[in-house]
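Reproduced below: entry20.txt, with compact mmCIF, C-alpha atoms and all ligand atoms.
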```txt
# COMPACT_ATOMS: atom_id res chain seq x y z
CA MET A 1 183.71 156.92 133.86
CA ALA A 2 181.26 159.37 132.40
CA THR A 3 180.47 157.91 129.02
CA ALA A 4 179.07 154.81 130.73
CA THR A 5 176.18 156.94 131.95
CA LEU A 6 174.94 157.24 128.36
CA ASN A 7 173.72 153.64 128.38
CA PRO A 8 169.95 154.09 128.76
CA THR A 9 169.32 150.65 130.20
CA ALA A 10 171.91 150.65 132.97
CA THR A 11 170.34 150.76 136.40
CA SER A 12 172.90 151.34 139.11
CA ILE A 13 175.59 153.59 137.68
CA PRO A 14 176.24 157.16 138.82
CA GLY A 15 173.87 159.63 137.26
CA ARG A 16 171.10 157.10 136.68
CA PHE A 17 167.93 156.58 138.67
CA GLY A 18 166.78 153.26 137.27
CA ALA A 19 166.52 153.97 133.55
CA TYR A 20 166.15 157.72 134.12
CA GLY A 21 168.63 160.57 134.34
CA GLY A 22 171.89 160.50 132.39
CA ARG A 23 173.56 163.13 130.24
CA TYR A 24 172.01 164.17 126.95
CA VAL A 25 173.94 167.25 125.92
CA PRO A 26 175.87 168.53 122.92
CA GLU A 27 179.50 167.44 122.81
CA THR A 28 180.60 170.98 123.73
CA LEU A 29 179.08 170.63 127.21
CA MET A 30 180.49 167.21 128.08
CA ALA A 31 183.82 168.60 129.28
CA ALA A 32 182.01 171.12 131.51
CA LEU A 33 179.80 168.42 133.05
CA LEU A 34 182.79 166.18 133.68
CA GLU A 35 184.68 169.06 135.31
CA LEU A 36 181.64 169.78 137.49
CA ASP A 37 181.20 166.11 138.38
CA GLU A 38 184.78 165.89 139.57
CA ALA A 39 184.75 169.22 141.43
CA TYR A 40 181.50 168.35 143.21
CA ALA A 41 182.77 164.92 144.27
CA ASP A 42 185.91 166.58 145.61
CA ALA A 43 183.95 169.26 147.53
CA ASP A 44 181.45 166.72 148.87
CA ALA A 45 184.32 164.70 150.35
CA ASP A 46 185.89 167.78 151.97
CA PRO A 47 184.79 168.49 155.59
CA ALA A 48 185.87 172.14 155.18
CA PHE A 49 183.37 172.62 152.34
CA HIS A 50 180.55 171.21 154.46
CA ALA A 51 181.62 173.21 157.50
CA GLU A 52 181.37 176.51 155.59
CA LEU A 53 178.06 175.51 153.98
CA ASP A 54 176.56 174.44 157.33
CA GLU A 55 177.75 177.63 159.01
CA LEU A 56 176.09 179.80 156.34
CA LEU A 57 172.94 177.68 156.29
CA HIS A 58 172.67 178.34 160.02
CA HIS A 59 173.71 181.98 160.47
CA TYR A 60 172.81 183.40 157.05
CA CYS A 61 169.80 181.33 155.94
CA GLY A 62 168.21 180.44 159.27
CA ARG A 63 168.53 176.65 159.44
CA PRO A 64 167.34 174.49 161.06
CA THR A 65 163.84 175.53 159.99
CA ALA A 66 161.02 174.86 162.43
CA LEU A 67 158.82 171.76 162.32
CA TYR A 68 155.50 173.24 163.38
CA TYR A 69 152.39 171.36 164.56
CA ALA A 70 149.46 173.08 162.83
CA LYS A 71 147.02 172.50 165.68
CA ARG A 72 144.12 174.67 164.57
CA LEU A 73 144.25 173.37 161.01
CA SER A 74 144.43 169.75 162.23
CA GLU A 75 141.60 170.15 164.74
CA THR A 76 139.39 171.95 162.23
CA LEU A 77 139.83 169.09 159.76
CA GLY A 78 139.24 166.52 162.50
CA GLY A 79 141.68 163.81 161.43
CA ALA A 80 145.44 163.29 161.26
CA LYS A 81 147.83 165.71 162.93
CA ILE A 82 149.43 168.00 160.35
CA TYR A 83 153.00 169.20 160.79
CA LEU A 84 154.57 171.87 158.57
CA LYS A 85 158.28 171.85 157.75
CA ARG A 86 158.83 175.60 157.53
CA GLU A 87 161.12 176.12 154.52
CA ASP A 88 159.10 179.31 153.99
CA LEU A 89 161.03 180.82 156.91
CA LEU A 90 164.38 180.63 155.13
CA HIS A 91 166.24 183.73 153.91
CA THR A 92 164.73 184.83 150.54
CA GLY A 93 161.51 182.97 151.32
CA ALA A 94 161.83 179.47 149.92
CA HIS A 95 163.90 176.28 149.98
CA LYS A 96 165.81 177.42 146.87
CA ILE A 97 168.59 179.06 148.90
CA ASN A 98 169.80 175.62 150.17
CA ASN A 99 170.86 174.70 146.65
CA ALA A 100 171.90 178.15 145.39
CA LEU A 101 174.25 178.55 148.36
CA GLY A 102 175.75 175.07 147.96
CA GLN A 103 176.41 175.58 144.25
CA GLY A 104 177.65 179.15 144.80
CA LEU A 105 180.30 177.88 147.20
CA LEU A 106 181.21 175.16 144.71
CA ALA A 107 181.56 177.73 141.89
CA ARG A 108 183.89 179.86 144.00
CA ARG A 109 185.92 176.77 144.89
CA MET A 110 186.23 175.98 141.16
CA GLY A 111 187.56 179.49 140.53
CA LYS A 112 184.56 180.52 138.39
CA LYS A 113 183.88 184.25 138.63
CA ARG A 114 180.72 184.42 136.54
CA ILE A 115 177.42 182.78 137.50
CA ILE A 116 174.44 182.17 135.24
CA ALA A 117 171.05 180.78 136.20
CA GLU A 118 167.54 180.37 134.82
CA THR A 119 164.41 181.27 136.71
CA GLY A 120 160.66 180.79 136.27
CA ALA A 121 158.80 182.45 139.12
CA GLY A 122 161.97 184.29 140.04
CA GLN A 123 162.59 182.52 143.36
CA HIS A 124 165.67 180.67 142.13
CA GLY A 125 166.88 183.85 140.42
CA VAL A 126 166.52 185.79 143.67
CA ALA A 127 168.30 183.05 145.66
CA THR A 128 171.14 182.98 143.11
CA ALA A 129 171.46 186.78 142.96
CA THR A 130 171.57 186.78 146.77
CA VAL A 131 174.35 184.20 146.92
CA CYS A 132 176.33 186.05 144.22
CA ALA A 133 176.10 189.26 146.25
CA LEU A 134 177.24 187.37 149.34
CA LEU A 135 180.20 185.77 147.58
CA GLY A 136 181.11 188.67 145.29
CA LEU A 137 180.38 186.86 142.01
CA GLU A 138 179.08 188.30 138.72
CA CYS A 139 175.48 187.18 138.10
CA VAL A 140 173.37 186.85 134.94
CA ILE A 141 169.81 185.51 135.21
CA TYR A 142 167.80 184.28 132.22
CA MET A 143 164.05 184.67 132.51
CA GLY A 144 161.22 184.30 130.00
CA GLU A 145 159.63 187.65 129.17
CA GLU A 146 156.20 186.24 129.99
CA ASP A 147 157.48 185.28 133.46
CA MET A 148 159.12 188.71 133.83
CA ARG A 149 155.69 190.24 133.34
CA ARG A 150 154.03 187.80 135.78
CA GLN A 151 156.72 188.16 138.46
CA GLU A 152 157.79 191.78 138.10
CA LEU A 153 158.61 192.19 141.80
CA ASN A 154 161.23 189.42 141.69
CA VAL A 155 162.84 191.06 138.63
CA TYR A 156 163.34 194.23 140.71
CA ARG A 157 164.67 192.18 143.62
CA MET A 158 167.30 190.51 141.41
CA ARG A 159 168.38 193.84 139.89
CA LEU A 160 168.61 195.45 143.32
CA LEU A 161 170.88 192.57 144.38
CA GLY A 162 173.21 193.45 141.50
CA ALA A 163 172.23 190.77 138.98
CA GLU A 164 171.69 191.34 135.27
CA VAL A 165 168.29 189.94 134.23
CA ARG A 166 168.14 188.94 130.56
CA GLY A 167 164.67 188.50 129.08
CA VAL A 168 164.12 185.50 126.79
CA ASN A 169 161.62 185.90 123.99
CA GLY A 170 161.63 182.52 122.21
CA GLY A 171 159.01 179.75 122.51
CA SER A 172 156.45 180.41 125.22
CA ALA A 173 158.88 182.87 126.86
CA THR A 174 158.77 180.88 130.12
CA LEU A 175 161.05 178.59 132.14
CA LYS A 176 161.86 176.02 129.43
CA ASP A 177 163.03 178.80 127.11
CA ALA A 178 165.08 180.42 129.86
CA ILE A 179 166.87 177.08 130.46
CA ASN A 180 167.64 176.79 126.72
CA GLU A 181 169.17 180.27 126.73
CA ALA A 182 171.22 179.59 129.89
CA MET A 183 172.57 176.41 128.27
CA ARG A 184 173.53 178.40 125.16
CA ASP A 185 175.40 180.91 127.34
CA TRP A 186 177.16 178.08 129.19
CA VAL A 187 178.37 176.48 125.93
CA THR A 188 179.78 179.84 124.80
CA ASN A 189 181.42 180.95 128.07
CA VAL A 190 182.10 177.64 129.74
CA ARG A 191 185.64 178.39 130.90
CA GLU A 192 184.84 181.18 133.37
CA THR A 193 181.11 180.49 133.87
CA TYR A 194 179.29 178.30 136.37
CA TYR A 195 175.62 177.39 135.71
CA ILE A 196 173.57 177.18 138.95
CA LEU A 197 170.63 174.99 137.91
CA GLY A 198 167.62 175.58 140.16
CA SER A 199 165.95 172.19 140.54
CA ALA A 200 166.76 168.46 140.64
CA LEU A 201 166.79 168.45 136.84
CA GLY A 202 169.21 168.44 133.93
CA SER A 203 172.23 166.27 133.23
CA HIS A 204 174.31 164.37 135.75
CA PRO A 205 175.60 165.49 138.25
CA TYR A 206 172.86 168.14 138.71
CA PRO A 207 169.94 165.95 139.89
CA THR A 208 172.14 164.20 142.47
CA MET A 209 173.95 167.36 143.57
CA VAL A 210 170.77 169.46 143.91
CA ARG A 211 169.08 166.67 145.87
CA ASN A 212 172.06 166.44 148.21
CA PHE A 213 171.94 170.19 148.91
CA HIS A 214 168.22 169.87 149.85
CA ARG A 215 168.65 166.63 151.77
CA VAL A 216 169.08 168.77 154.90
CA ILE A 217 165.27 169.19 154.91
CA SER A 218 164.61 165.51 155.69
CA LEU A 219 167.72 165.14 157.87
CA GLU A 220 166.30 167.86 160.12
CA SER A 221 162.64 166.85 159.94
CA LYS A 222 163.37 163.25 160.91
CA GLN A 223 165.19 164.32 164.04
CA GLN A 224 162.50 166.92 164.84
CA ILE A 225 159.52 164.57 164.48
CA LEU A 226 161.27 161.96 166.63
CA GLU A 227 161.80 164.61 169.31
CA GLN A 228 158.24 165.93 169.11
CA GLU A 229 156.23 162.75 168.51
CA GLY A 230 158.64 159.92 169.26
CA ARG A 231 157.93 158.34 165.89
CA LEU A 232 158.08 158.88 162.15
CA PRO A 233 155.17 160.46 160.22
CA ASP A 234 152.68 158.29 158.31
CA ALA A 235 152.89 160.49 155.22
CA ILE A 236 155.07 163.25 153.81
CA VAL A 237 153.50 165.58 151.27
CA ALA A 238 155.41 167.98 149.00
CA CYS A 239 154.67 169.86 145.78
CA VAL A 240 156.64 168.79 142.69
CA GLY A 241 157.79 171.23 140.04
CA GLY A 242 161.25 170.08 138.98
CA GLY A 243 161.16 168.14 142.23
CA SER A 244 163.88 169.66 144.41
CA ASN A 245 161.92 170.49 147.58
CA ALA A 246 160.10 167.15 147.34
CA ILE A 247 163.23 165.03 146.92
CA GLY A 248 164.87 166.92 149.79
CA ALA A 249 161.83 166.30 152.00
CA PHE A 250 161.55 162.61 150.99
CA TYR A 251 165.13 161.46 150.78
CA GLU A 252 165.94 160.33 154.31
CA TYR A 253 162.62 158.47 154.53
CA ILE A 254 163.02 156.41 151.35
CA PRO A 255 164.21 153.33 153.34
CA ASP A 256 161.31 153.74 155.83
CA ALA A 257 158.64 151.72 154.01
CA ASN A 258 155.89 152.73 156.45
CA VAL A 259 156.24 156.41 155.59
CA GLN A 260 154.11 157.22 152.56
CA LEU A 261 155.74 159.71 150.18
CA ILE A 262 153.27 161.85 148.25
CA GLY A 263 154.25 164.31 145.52
CA VAL A 264 151.69 166.85 144.34
CA GLU A 265 151.85 168.14 140.77
CA ALA A 266 150.07 171.08 139.22
CA GLY A 267 146.64 169.96 138.03
CA GLY A 268 146.06 173.39 136.50
CA ARG A 269 142.60 173.93 135.03
CA GLY A 270 141.91 170.49 133.53
CA THR A 271 143.25 167.05 132.63
CA ALA A 272 143.75 167.64 128.88
CA LEU A 273 147.33 168.01 127.62
CA GLY A 274 148.25 171.70 127.74
CA GLU A 275 145.98 172.51 130.69
CA HIS A 276 148.24 171.24 133.51
CA ALA A 277 151.78 170.22 134.47
CA ALA A 278 150.95 166.77 135.90
CA ARG A 279 153.66 164.69 134.29
CA PHE A 280 152.61 161.52 136.13
CA GLN A 281 148.89 161.85 135.38
CA LYS A 282 147.67 158.52 133.87
CA VAL A 283 145.66 159.93 130.96
CA GLY A 284 146.86 163.11 129.27
CA GLY A 285 150.06 163.01 131.33
CA GLY A 286 153.71 162.55 130.41
CA VAL A 287 155.63 159.66 128.90
CA PRO A 288 159.38 159.00 129.19
CA GLY A 289 161.56 161.12 126.95
CA VAL A 290 164.56 163.45 126.90
CA LEU A 291 164.24 167.14 127.69
CA GLN A 292 167.04 169.54 128.54
CA GLY A 293 169.72 166.97 129.20
CA THR A 294 167.90 164.28 131.13
CA TYR A 295 165.66 161.26 130.52
CA SER A 296 162.45 161.47 132.54
CA TYR A 297 158.69 161.85 132.16
CA VAL A 298 157.89 164.61 129.66
CA LEU A 299 154.57 166.13 128.67
CA GLN A 300 154.63 165.73 124.88
CA ASP A 301 152.30 165.24 121.95
CA ASP A 302 152.18 162.13 119.72
CA ALA A 303 154.93 163.56 117.52
CA GLY A 304 157.23 164.06 120.52
CA GLN A 305 156.83 167.84 120.58
CA VAL A 306 157.03 169.23 124.11
CA ALA A 307 153.52 170.16 125.20
CA SER A 308 152.62 173.53 126.62
CA THR A 309 151.75 173.54 130.31
CA HIS A 310 149.55 175.59 132.59
CA SER A 311 149.56 176.25 136.31
CA VAL A 312 148.56 179.20 138.45
CA SER A 313 151.94 178.68 140.16
CA ALA A 314 154.91 179.48 137.92
CA GLY A 315 157.18 177.27 140.06
CA LEU A 316 155.30 174.09 139.13
CA ASP A 317 154.79 175.00 135.47
CA TYR A 318 157.31 172.75 133.65
CA ALA A 319 156.89 169.94 131.10
CA SER A 320 159.38 167.52 132.68
CA VAL A 321 160.31 166.41 136.20
CA GLY A 322 163.47 165.36 138.01
CA PRO A 323 164.60 161.83 137.02
CA GLU A 324 164.74 160.53 140.60
CA HIS A 325 160.99 161.14 140.87
CA ALA A 326 160.48 159.17 137.65
CA MET A 327 162.19 156.22 139.34
CA LEU A 328 160.26 156.63 142.62
CA HIS A 329 157.06 156.79 140.57
CA ASP A 330 157.74 153.63 138.56
CA SER A 331 158.88 151.65 141.61
CA GLY A 332 155.79 152.74 143.53
CA ARG A 333 157.86 154.02 146.45
CA ALA A 334 156.31 157.47 146.03
CA THR A 335 152.80 158.33 144.90
CA TYR A 336 152.06 161.35 142.70
CA VAL A 337 148.73 163.13 142.70
CA SER A 338 147.68 166.48 141.32
CA CYS A 339 145.87 169.50 142.68
CA SER A 340 143.89 171.99 140.60
CA ASP A 341 144.56 175.74 140.48
CA GLU A 342 141.27 176.24 142.29
CA ASP A 343 142.02 173.85 145.16
CA ALA A 344 145.50 175.34 145.60
CA LEU A 345 144.04 178.85 145.87
CA LYS A 346 141.52 177.58 148.43
CA ALA A 347 144.35 176.03 150.43
CA VAL A 348 146.16 179.40 150.48
CA VAL A 349 143.10 180.90 152.15
CA THR A 350 142.60 177.92 154.48
CA LEU A 351 146.16 177.97 155.83
CA SER A 352 146.18 181.76 156.11
CA ARG A 353 142.93 181.77 158.10
CA THR A 354 143.59 178.82 160.40
CA GLU A 355 147.28 179.30 161.15
CA GLY A 356 148.26 182.81 160.10
CA ILE A 357 150.71 181.35 157.61
CA LEU A 358 150.56 182.58 154.03
CA PRO A 359 152.02 179.87 151.79
CA ALA A 360 153.43 180.19 148.28
CA ILE A 361 150.85 178.95 145.75
CA GLU A 362 153.29 176.13 144.89
CA SER A 363 153.38 174.98 148.53
CA ALA A 364 149.59 175.36 148.76
CA HIS A 365 149.29 172.43 146.33
CA ALA A 366 150.81 170.23 149.07
CA VAL A 367 148.66 171.85 151.75
CA ALA A 368 145.54 171.09 149.66
CA GLU A 369 146.46 167.39 149.53
CA ALA A 370 146.92 167.33 153.32
CA VAL A 371 143.54 169.04 153.74
CA ARG A 372 141.98 166.32 151.57
CA LEU A 373 143.83 163.46 153.28
CA ALA A 374 143.73 164.37 156.99
CA PRO A 375 139.99 163.75 157.56
CA LEU A 376 140.36 160.31 155.93
CA MET A 377 142.99 159.32 158.51
CA GLY A 378 142.67 158.66 162.25
CA LYS A 379 143.60 161.24 164.87
CA ASP A 380 146.60 159.10 165.82
CA LYS A 381 148.12 159.57 162.34
CA ILE A 382 150.70 162.18 161.33
CA ILE A 383 151.05 164.03 158.03
CA MET A 384 154.13 166.17 157.39
CA VAL A 385 153.80 168.88 154.74
CA ASN A 386 156.91 170.46 153.27
CA LEU A 387 156.00 174.15 153.13
CA SER A 388 158.45 175.07 150.38
CA GLY A 389 157.96 178.83 150.40
CA ARG A 390 156.02 181.85 151.55
CA GLY A 391 153.31 183.63 149.64
CA ASP A 392 154.54 187.22 149.59
CA LYS A 393 155.70 186.84 145.97
CA ASP A 394 152.18 185.80 144.95
CA MET A 395 150.22 188.83 146.15
CA GLY A 396 149.70 190.10 142.60
CA ILE A 397 148.29 186.76 141.42
CA LEU A 398 146.16 186.35 144.55
CA ALA A 399 144.75 189.84 144.15
CA ARG A 400 143.68 188.92 140.62
CA GLU A 401 142.38 185.42 141.40
CA LEU A 402 140.59 186.13 144.68
CA ASP A 403 138.40 189.09 145.45
CA LEU A 404 140.61 190.62 148.13
CA LYS A 405 139.22 194.11 147.65
CA GLY A 406 135.72 193.37 148.98
CA ALA A 407 134.79 194.65 152.42
CA SER A 408 134.12 191.22 153.89
CA PRO A 409 136.53 188.29 154.12
CA ILE A 410 136.73 186.13 151.01
CA THR A 411 135.31 182.64 151.34
CA PRO A 412 136.04 180.61 148.23
CA LYS A 413 133.67 177.71 147.77
CA GLY A 414 134.49 174.74 149.99
CA SER A 415 137.24 176.35 152.03
CA LEU A 416 137.18 176.48 155.81
C1 LIG B 1 160.60 176.83 142.76
C2 LIG B 1 159.60 176.49 143.78
C3 LIG B 1 158.95 175.23 143.79
C4 LIG B 1 159.13 174.19 142.72
O1 LIG B 1 160.42 173.71 142.56
P1 LIG B 1 160.88 172.27 143.05
O2 LIG B 1 162.20 172.10 142.44
O3 LIG B 1 159.87 171.28 142.55
O4 LIG B 1 160.91 172.30 144.53
C5 LIG B 1 158.08 174.95 144.83
N1 LIG B 1 157.83 175.85 145.81
C6 LIG B 1 158.43 177.06 145.83
C7 LIG B 1 158.10 178.00 146.92
C8 LIG B 1 159.33 177.42 144.82
O5 LIG B 1 159.90 178.63 144.84
```
Exercise: express the given structure as structure tokens:
Amino acid sequence: MATATLNPTATSIPGRFGAYGGRYVPETLMAALLELDEAYADADADPAFHAELDELLHHYCGRPTALYYAKRLSETLGGAKIYLKREDLLHTGAHKINNALGQGLLARRMGKKRIIAETGAGQHGVATATVCALLGLECVIYMGEEDMRRQELNVYRMRLLGAEVRGVNGGSATLKDAINEAMRDWVTNVRETYYILGSALGSHPYPTMVRNFHRVISLESKQQILEQEGRLPDAIVACVGGGSNAIGAFYEYIPDANVQLIGVEAGGRGTALGEHAARFQKVGGGVPGVLQGTYSYVLQDDAGQVASTHSVSAGLDYASVGPEHAMLHDSGRATYVSCSDEDALKAVVTLSRTEGILPAIESAHAVAEAVRLAPLMGKDKIIMVNLSGRGDKDMGILARELDLKGASPITPKGSL
């Protein structure tokens, strides 16, 4: 069953999204991926597994999250109505807990007592450390030392929750290097260790499994918008790092051809390779290739070396993207745009000032696209933004990037 997924041209077999996805791992990890594949299929078919997950998503995490009509923001922009799907209200402050909890329950079901995970901005690390505390599992988090410096607060949060945080020094000492180190650990300790991957990335079954754990976002939002507006939105906008919040927000609408799906990548500080993380950008963007176990778009130089990336938001700062997005991109079902560091920071201020909601800088990339789009659309149109997380974690960066210490309110150029 599994080896068939190695055929790069097959289109409709498990683990493939068109030509993308698959399993590109050393032989030593194949057995672990096959064990995971089987265990996940078994859990997914078990109503008791879903009952426990749903119960915890409700009472522990705070689902369903609100679908909020941002009236002041919409009226100020003077175009389409903007709705926010409030994943920022979840326990630990972002959508990441949907997936960490699902995989944590799966690990316990598989009898694994030791959890490892990678983290960039620290949000997935915090969500994983939280779930391990809840379920009584040992927890080791790999994090690049550069990211540990940038996101010091989240390092303390993870340690307080009982996790061991291991700094990774190799490469650029960021997310990619943390994933490499977590994979090394998994190869060595595979028998008792479960690897909770934090986005819709990596080898099969991760992209499918992670998407399914976030699918609840669009299952809820579809019901909510039908209750509140009596119809589906015209567009759904979500930021795309690895792509987990976006695929969760898009998934239930994929068959609804009239709903535009818009992913927003990190445009960073310019369009040249190395200055951004916009894998789908036409010039200076990514081309298909294999990185960390999956075939997808990868930012790389002419020699196939993985390019460095830049974004003001650590959560969007990755050279590749989930393989399902690569398929949605090529088929044209979803559109991918990018938003610069500067416009994302402006959108943080705009949403804070008009609605009293302080978004994560990652989520602000999606807000910025809605701010750009809404005035171009009629007042009878609806845009839904997936607000993936809250901005508390970003106070240090915001304090550096915006002049928050001045006596008068900051008004970055062009913001409301
Ligand atoms: C991690 C993170 C992201 C990016 O990850 P995806 O897998 O692309 O969703 C976006 N927003 C927030 C708040 C995050 O913590």
Which one is closest to A:Asp330: A:Cys132, A:Leu398, A:Val287, A:Ala344? Count only C-alpha atoms. A:Val287
What residues of the protein or nucleic acid chains come within 9 Å of ligand LIG 1 (chain B) when you use only C-alpha atoms and all ligand atoms? Reply as JSON, numbers by chain. {"A": [87, 88, 93, 94, 95, 96, 119, 120, 121, 122, 123, 124, 198, 199, 200, 201, 238, 239, 240, 241, 242, 243, 244, 245, 246, 247, 248, 265, 313, 314, 315, 316, 317, 321, 322, 359, 360, 361, 362, 363, 364, 387, 388, 389, 390, 391]}
Which one of A:Gly144, A:Gly111, A:Gly202, A:Pro207 sits closest to A:Glu181 if you count only C-alpha atoms? A:Gly144
Identify the residues within 12 Å of coordinate (145.3, 167.8, 132.9) (same frame as the file), considering only C-alpha atoms, and give the answer as a PyMOL selection string. chain A and resi 265-286+299+307-311+319+337-341
Do a neighbour search on A:Val25 at 9 Å with all atoms listed in the file, toss out local chain neighbours closer than 4 positions, and write the hits as a list in words.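 The residues that qualify are Leu29, Met30, Ser203, Gln292, Gly293 and Thr294 of chain A.
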Nearest residue to A:Leu56 from the set A:Gln151, A:Thr92, A:Asn386, A:Asn98 (distances using all atoms listed in the file):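 Closest candidate: A:Asn98.
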So the first atom is atom CA of A:Ile116 and the second is atom CA of A:Leu137; what is the distance between them in Å, to one decimal place? 10.2 Å
Can you tell me how far atom CA of A:Glu192 sits from atom CA of A:Lys112, in Å to one decimal? 5.1 Å
